[in-house]
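Trainee: Here you go, protein.pdb (PDB, C-alpha atoms):
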```pdb
ATOM      1  CA  MET Q   1    -161.757 -90.349  10.986
ATOM      2  CA  LEU Q   2    -164.312 -89.195  13.548
ATOM      3  CA  ARG Q   3    -164.738 -92.771  14.800
ATOM      4  CA  LEU Q   4    -160.962 -93.127  15.079
ATOM      5  CA  MET Q   5    -160.643 -89.924  17.070
ATOM      6  CA  LYS Q   6    -163.453 -90.953  19.392
ATOM      7  CA  SER Q   7    -161.753 -94.280  20.026
ATOM      8  CA  MET Q   8    -158.470 -92.489  20.764
ATOM      9  CA  ILE Q   9    -160.161 -90.072  23.176
ATOM     10  CA  ASP Q  10    -161.798 -93.044  24.869
ATOM     11  CA  LYS Q  11    -158.412 -94.759  25.155
ATOM     12  CA  ILE Q  12    -156.854 -91.620  26.661
ATOM     13  CA  HIS Q  13    -159.724 -91.330  29.142
ATOM     14  CA  THR Q  14    -159.317 -94.987  30.155
ATOM     15  CA  GLU Q  15    -155.546 -94.636  30.534
ATOM     16  CA  MET Q  16    -155.919 -91.539  32.713
ATOM     17  CA  GLY Q  17    -158.449 -93.319  34.909
ATOM     18  CA  ASP Q  18    -156.134 -96.315  35.271
ATOM     19  CA  ARG Q  19    -153.221 -94.014  36.082
ATOM     20  CA  PHE Q  20    -155.142 -92.215  38.836
ATOM     21  CA  ILE Q  21    -156.311 -95.521  40.308
ATOM     22  CA  SER Q  22    -152.730 -96.793  40.428
ATOM     23  CA  LEU Q  23    -151.541 -93.527  41.990
ATOM     24  CA  LYS Q  24    -154.258 -93.756  44.670
ATOM     25  CA  LYS Q  25    -153.224 -97.348  45.381
ATOM     26  CA  LEU Q  26    -149.600 -96.234  45.623
ATOM     27  CA  ASP Q  27    -150.556 -93.422  47.993
ATOM     28  CA  SER Q  28    -152.562 -95.769  50.226
ATOM     29  CA  SER Q  29    -149.568 -98.109  50.509
ATOM     30  CA  PHE Q  30    -146.633 -95.682  50.575
ATOM     31  CA  GLY Q  31    -148.154 -92.280  51.306
ATOM     32  CA  PHE Q  32    -146.895 -92.284  54.874
ATOM     33  CA  LEU Q  33    -143.301 -92.549  53.597
ATOM     34  CA  LEU Q  34    -143.645 -89.343  51.578
ATOM     35  CA  GLU Q  35    -143.941 -87.097  54.632
ATOM     36  CA  ILE Q  36    -140.604 -87.726  56.322
ATOM     37  CA  LYS Q  37    -141.020 -84.926  58.868
ATOM     38  CA  GLU Q  38    -144.334 -86.394  60.032
ATOM     39  CA  LEU Q  39    -143.150 -90.000  59.810
ATOM     40  CA  MET Q  40    -140.163 -89.738  62.078
ATOM     41  CA  PRO Q  41    -140.997 -87.691  65.156
ATOM     42  CA  THR Q  42    -144.759 -87.267  65.531
ATOM     43  CA  THR Q  43    -146.806 -90.003  63.832
ATOM     44  CA  ASN Q  44    -149.251 -91.953  65.993
ATOM     45  CA  GLU Q  45    -147.564 -95.310  66.580
ATOM     46  CA  ASN Q  46    -150.734 -97.437  66.384
ATOM     47  CA  SER Q  47    -151.822 -96.064  63.022
ATOM     48  CA  LEU Q  48    -148.248 -96.317  61.722
ATOM     49  CA  LYS Q  49    -148.100 -99.954  62.826
ATOM     50  CA  GLN Q  50    -151.370-100.724  61.004
ATOM     51  CA  ILE Q  51    -150.109 -99.039  57.834
ATOM     52  CA  CYS Q  52    -146.837-100.996  57.995
ATOM     53  CA  ILE Q  53    -148.729-104.274  58.469
ATOM     54  CA  PHE Q  54    -150.946-103.447  55.476
ATOM     55  CA  MET Q  55    -147.905-102.574  53.389
ATOM     56  CA  GLY Q  56    -146.184-105.787  54.468
ATOM     57  CA  SER Q  57    -149.218-107.838  53.413
ATOM     58  CA  SER Q  58    -149.298-106.071  50.039
ATOM     59  CA  TYR Q  59    -145.584-106.688  49.427
ATOM     60  CA  ASP Q  60    -145.122-109.868  51.462
ATOM     61  CA  THR Q  61    -142.306-111.201  49.276
ATOM     62  CA  ASP Q  62    -140.305-107.973  49.578
ATOM     63  CA  LEU Q  63    -140.683-106.818  53.158
ATOM     64  CA  ASN Q  64    -142.086-107.611  56.586
ATOM     65  CA  GLY Q  65    -144.528-104.995  57.910
ATOM     66  CA  LEU Q  66    -143.904-105.542  61.627
ATOM     67  CA  GLU Q  67    -140.151-105.433  61.140
ATOM     68  CA  MET Q  68    -140.559-102.269  59.089
ATOM     69  CA  PHE Q  69    -142.511-100.692  61.954
ATOM     70  CA  SER Q  70    -139.766-101.562  64.451
ATOM     71  CA  GLU Q  71    -137.140-100.234  62.021
ATOM     72  CA  ILE Q  72    -139.007 -96.930  61.758
ATOM     73  CA  MET Q  73    -139.058 -96.720  65.579
ATOM     74  CA  ASP Q  74    -135.318 -97.460  65.697
ATOM     75  CA  CYS Q  75    -134.667 -94.926  62.943
ATOM     76  CA  ARG Q  76    -136.547 -92.309  64.980
ATOM     77  CA  ILE Q  77    -134.247 -92.936  67.915
ATOM     78  CA  LEU Q  78    -131.165 -92.772  65.690
ATOM     79  CA  LEU Q  79    -132.322 -89.498  64.135
ATOM     80  CA  LYS Q  80    -132.865 -87.941  67.577
ATOM     81  CA  THR Q  81    -129.206 -88.621  68.398
ATOM     82  CA  ARG Q  82    -128.079 -87.011  65.118
ATOM     83  CA  ALA Q  83    -128.987 -83.364  65.681
ATOM     84  CA  GLY Q  84    -127.251 -82.106  62.537
ATOM     85  CA  VAL Q  85    -129.152 -84.411  60.172
ATOM     86  CA  LYS Q  86    -132.105 -82.753  58.422
ATOM     87  CA  LEU Q  87    -134.304 -85.053  56.335
ATOM     88  CA  SER Q  88    -137.113 -83.637  54.233
ATOM     89  CA  THR Q  89    -137.665 -86.128  51.389
ATOM     90  CA  PRO Q  90    -137.774 -89.917  50.996
ATOM     91  CA  GLU Q  91    -134.527 -89.667  49.020
ATOM     92  CA  ASP Q  92    -132.823 -88.005  52.003
ATOM     93  CA  LEU Q  93    -134.025 -90.760  54.310
ATOM     94  CA  LEU Q  94    -132.850 -93.445  51.886
ATOM     95  CA  ARG Q  95    -129.400 -91.820  51.652
ATOM     96  CA  PHE Q  96    -129.270 -91.657  55.441
ATOM     97  CA  ILE Q  97    -130.133 -95.379  55.714
ATOM     98  CA  VAL Q  98    -127.704 -96.443  52.972
ATOM     99  CA  GLN Q  99    -124.740 -94.848  54.731
ATOM    100  CA  TYR Q 100    -125.183 -97.346  57.614
ATOM    101  CA  GLY Q 101    -124.762-100.423  55.383
ATOM    102  CA  ASP Q 102    -126.875-103.070  53.672
ATOM    103  CA  GLY Q 103    -128.135-104.912  56.752
ATOM    104  CA  VAL Q 104    -129.427-101.880  58.666
ATOM    105  CA  PHE Q 105    -133.120-100.908  58.327
ATOM    106  CA  LEU Q 106    -133.548-103.442  55.531
ATOM    107  CA  ASN Q 107    -137.371-103.362  55.332
ATOM    108  CA  LEU Q 108    -137.566 -99.574  55.557
ATOM    109  CA  ARG Q 109    -134.926 -99.357  52.847
ATOM    110  CA  VAL Q 110    -136.845-101.742  50.571
ATOM    111  CA  GLY Q 111    -140.073 -99.795  51.170
ATOM    112  CA  LEU Q 112    -138.389 -96.534  50.239
ATOM    113  CA  GLN Q 113    -136.800 -98.094  47.175
ATOM    114  CA  ILE Q 114    -140.175 -99.423  46.006
ATOM    115  CA  LEU Q 115    -141.746 -96.016  46.572
ATOM    116  CA  LEU Q 116    -139.035 -94.205  44.638
ATOM    117  CA  THR Q 117    -138.887 -96.628  41.718
ATOM    118  CA  VAL Q 118    -142.549 -97.343  40.994
ATOM    119  CA  ALA Q 119    -143.194 -96.362  37.407
ATOM    120  CA  THR Q 120    -145.817 -93.660  37.118
ATOM    121  CA  SER Q 121    -145.259 -92.629  33.544
ATOM    122  CA  ILE Q 122    -147.857 -92.554  30.811
ATOM    123  CA  ALA Q 123    -145.875 -94.678  28.403
ATOM    124  CA  SER Q 124    -148.869 -96.677  27.164
ATOM    125  CA  CYS Q 125    -150.645 -93.483  26.051
ATOM    126  CA  GLU Q 126    -147.480 -92.280  24.355
ATOM    127  CA  ARG Q 127    -147.133 -95.620  22.559
ATOM    128  CA  SER Q 128    -150.738 -95.341  21.371
ATOM    129  CA  PHE Q 129    -150.109 -91.929  19.815
ATOM    130  CA  SER Q 130    -146.837 -93.097  18.311
ATOM    131  CA  LYS Q 131    -148.562 -96.103  16.775
ATOM    132  CA  LEU Q 132    -151.393 -93.930  15.468
ATOM    133  CA  LYS Q 133    -148.919 -91.584  13.804
ATOM    134  CA  LEU Q 134    -147.138 -94.527  12.183
ATOM    135  CA  ILE Q 135    -150.367 -96.005  10.866
ATOM    136  CA  LEU Q 136    -151.730 -92.726   9.575
ATOM    137  CA  SER Q 137    -148.568 -91.721   7.755
ATOM    138  CA  TYR Q 138    -147.391 -95.083   6.411
ATOM    139  CA  LEU Q 139    -150.633 -96.828   5.540
ATOM    140  CA  ARG Q 140    -152.860 -93.934   4.491
ATOM    141  CA  SER Q 141    -151.693 -94.120   0.888
ATOM    142  CA  SER Q 142    -152.552 -97.808   0.428
ATOM    143  CA  ILE Q 143    -155.543 -98.464   2.700
ATOM    144  CA  GLY Q 144    -159.047 -97.128   2.355
ATOM    145  CA  GLN Q 145    -160.852 -95.132   5.013
ATOM    146  CA  GLU Q 146    -162.863 -98.201   6.120
ATOM    147  CA  LYS Q 147    -159.835-100.288   7.134
ATOM    148  CA  LEU Q 148    -157.669 -97.533   8.615
ATOM    149  CA  PRO Q 149    -159.646 -97.015  11.866
ATOM    150  CA  ALA Q 150    -159.896-100.782  12.344
ATOM    151  CA  LEU Q 151    -156.126-101.184  12.015
ATOM    152  CA  ALA Q 152    -155.509 -98.283  14.378
ATOM    153  CA  LEU Q 153    -157.815 -99.820  16.955
ATOM    154  CA  LEU Q 154    -156.063-103.202  16.629
ATOM    155  CA  SER Q 155    -152.707-101.533  17.098
ATOM    156  CA  VAL Q 156    -153.785 -99.474  20.100
ATOM    157  CA  GLU Q 157    -155.464-102.481  21.744
ATOM    158  CA  ARG Q 158    -152.436-104.693  21.185
ATOM    159  CA  GLU Q 159    -152.786-106.419  24.565
ATOM    160  CA  VAL Q 160    -156.242-107.685  23.633
ATOM    161  CA  THR Q 161    -155.111-108.564  20.125
ATOM    162  CA  ASP Q 162    -152.205-110.627  21.453
ATOM    163  CA  SER Q 163    -154.550-112.638  23.664
ATOM    164  CA  ILE Q 164    -156.777-113.732  20.733
ATOM    165  CA  ASN Q 165    -156.232-117.218  19.324
ATOM    166  CA  PHE Q 166    -156.381-116.512  15.591
ATOM    167  CA  GLU Q 167    -156.151-120.188  14.576
ATOM    168  CA  GLU Q 168    -159.382-120.929  16.433
ATOM    169  CA  LEU Q 169    -161.015-117.800  14.996
ATOM    170  CA  ILE Q 170    -160.038-118.812  11.440
ATOM    171  CA  ASP Q 171    -161.397-122.327  11.984
ATOM    172  CA  LYS Q 172    -164.741-120.926  13.198
ATOM    173  CA  PHE Q 173    -164.903-118.567  10.219
ATOM    174  CA  ALA Q 174    -164.062-121.399   7.779
ATOM    175  CA  ALA Q 175    -166.704-123.660   9.328
ATOM    176  CA  ALA Q 176    -169.320-120.922   8.968
ATOM    177  CA  LYS Q 177    -168.504-120.461   5.258
ATOM    178  CA  THR Q 178    -168.781-124.178   4.397
ATOM    179  CA  LYS Q 179    -172.527-124.221   4.928
ATOM    180  CA  ARG Q 180    -173.544-123.803   1.315
ATOM    181  CA  ILE Q 181    -176.765-124.773  -0.353
ATOM    182  CA  SER Q 182    -176.540-127.432  -3.076
ATOM    183  CA  LEU Q 183    -178.140-126.421  -6.347
TER     184      LEU Q 183
END
```
Show the structure stored in the file as structure tokens.
Mentor:
Amino acid sequence: MLRLMKSMIDKIHTEMGDRFISLKKLDSSFGFLLEIKELMPTTNENSLKQICIFMGSSYDTDLNGLEMFSEIMDCRILLKTRAGVKLSTPEDLLRFIVQYGDGVFLNLRVGLQILLTVATSIASCERSFSKLKLILSYLRSSIGQEKLPALALLSVEREVTDSINFEELIDKFAAAKTKRISL
């Protein structure tokens, strides 16, 4: 049981590390879109252009970075003419863009949609705990303590387990067992 708990703690630690890495990557790509007040009126244009180009290279099938930069500049001008419009979140900016139709600020719209829909949940950790609970409750009565942690580890590491070719593994095991000594 101690070995099982250590493997689960290790899995949680790994998942948290992966989650923070993905959040840092998300922030490096889309972080400038989170601060709408800074994005629209006061951001340095050269640094904004470089960020948009980087974002466009990261998502080259979805948006064009240079066009996104020009759309942000156009959106700044449009917002200056709309004195009554107060935007404070990316959702507000997306609503503002959507009201002008599908063809207006297309790259900026796609960038905001990607930012707002990127999954940042911890579903894989939750699945691991759910699987562990299932294994512990259902199989505890029929499986000994030696096999239970091994089954839990196989279930938690399902991605690795799915990538293993079991036919090849069985053939190797069978070939190793056929080497018997004649008496």
Trainee: Between Q:Leu63, Q:Leu115, Q:Leu79, Q:Val104, which one has atoms that come closest to Ser29 (chain Q), using only C-alpha atoms?
Mentor: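 The shortest atom-to-atom distance to Ser29 (chain Q) comes from Q:Leu115.
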Trainee: Please measure the separation of CA of Glu35 (chain Q) and CA of Ser88 (chain Q), giving the value in Å to one decimal.
Mentor: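 Pair CA of Glu35 (chain Q) / CA of Ser88 (chain Q) returns 7.7 Å.
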Trainee: Which residue is closest to Ser28 (chain Q)? Choose from Q:Ala152, Q:Phe54, Q:Met1, Q:Gly103 and count only C-alpha atoms.
Mentor: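 Comparing Q:Ala152, Q:Phe54, Q:Met1, Q:Gly103 against Ser28 (chain Q), the winner is Q:Phe54.
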Trainee: Using all atoms listed in the file, which of Q:Glu71, Q:Glu167, Q:Asp60, Q:Glu157 sits nearest Leu106 (chain Q)?
Mentor: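 With all atoms listed in the file as the atom set, the closest residue is Q:Glu71.
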Trainee: Could you tell me which residues the PyMOL selection byres ((chain Q and resi 7) around 12) returns for this structure, as a list in words?
Mentor: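 Selected by the PyMOL selection byres ((chain Q and resi 7) around 12) in this file: Met1, Leu2, Arg3, Leu4, Met5, Lys6, Met8, Ile9, Asp10, Lys11, Ile12, His13, Thr14, Ser128, Phe129, Leu132, Pro149, Ala150, Leu151, Ala152, Leu153, Leu154, Ser155, Val156 and Glu157 of chain Q.
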Trainee: In Å, rounded to a single decimal, give me how far CA of Leu112 (chain Q) is from CA of Met55 (chain Q).
Mentor: 11.7 Å
Trainee: With distances taken over all atoms listed in the file, which of Q:Phe30, Q:Ser163, Q:Lys80, Q:Lys147 is nearest to Val110 (chain Q)?
Mentor: Q:Phe30
Trainee: Padding of 3 Å on every side, edges along x, y and z, all listed atoms of region 168-176 of chain Q included: what centre and edge lengths in Å, to one decimal, does that box have, as JSON?
Mentor:
```
{"center_x": -164.4, "center_y": -120.7, "center_z": 12.1, "size_x": 15.9, "size_y": 11.9, "size_z": 14.7}
```
Trainee: Evaluate the PyMOL selection byres ((chain Q and resi 89) around 12) on the structure here and hand back the selected residues as a list of chain:residue names.
Mentor: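 Residues picked by the PyMOL selection byres ((chain Q and resi 89) around 12): Q:Phe32, Q:Leu33, Q:Leu34, Q:Glu35, Q:Ile36, Q:Lys37, Q:Glu38, Q:Leu39, Q:Met40, Q:Lys86, Q:Leu87, Q:Ser88, Q:Pro90, Q:Glu91, Q:Asp92, Q:Leu93, Q:Leu94, Q:Arg95, Q:Phe96, Q:Leu112, Q:Leu115, Q:Leu116.
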Trainee: Expressed in Å to a single decimal, how great is the separation between CA of Leu66 (chain Q) and CA of Leu23 (chain Q)?
Mentor: 24.3 Å
Trainee: With only C-alpha atoms as the atoms that count, which of Q:Ile97, Q:Lys49, Q:Ser70, Q:Met16 lies nearest to Gln113 (chain Q)?
Mentor: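 Of Q:Ile97, Q:Lys49, Q:Ser70, Q:Met16, the one nearest Gln113 (chain Q), counting only C-alpha atoms, is Q:Ile97.
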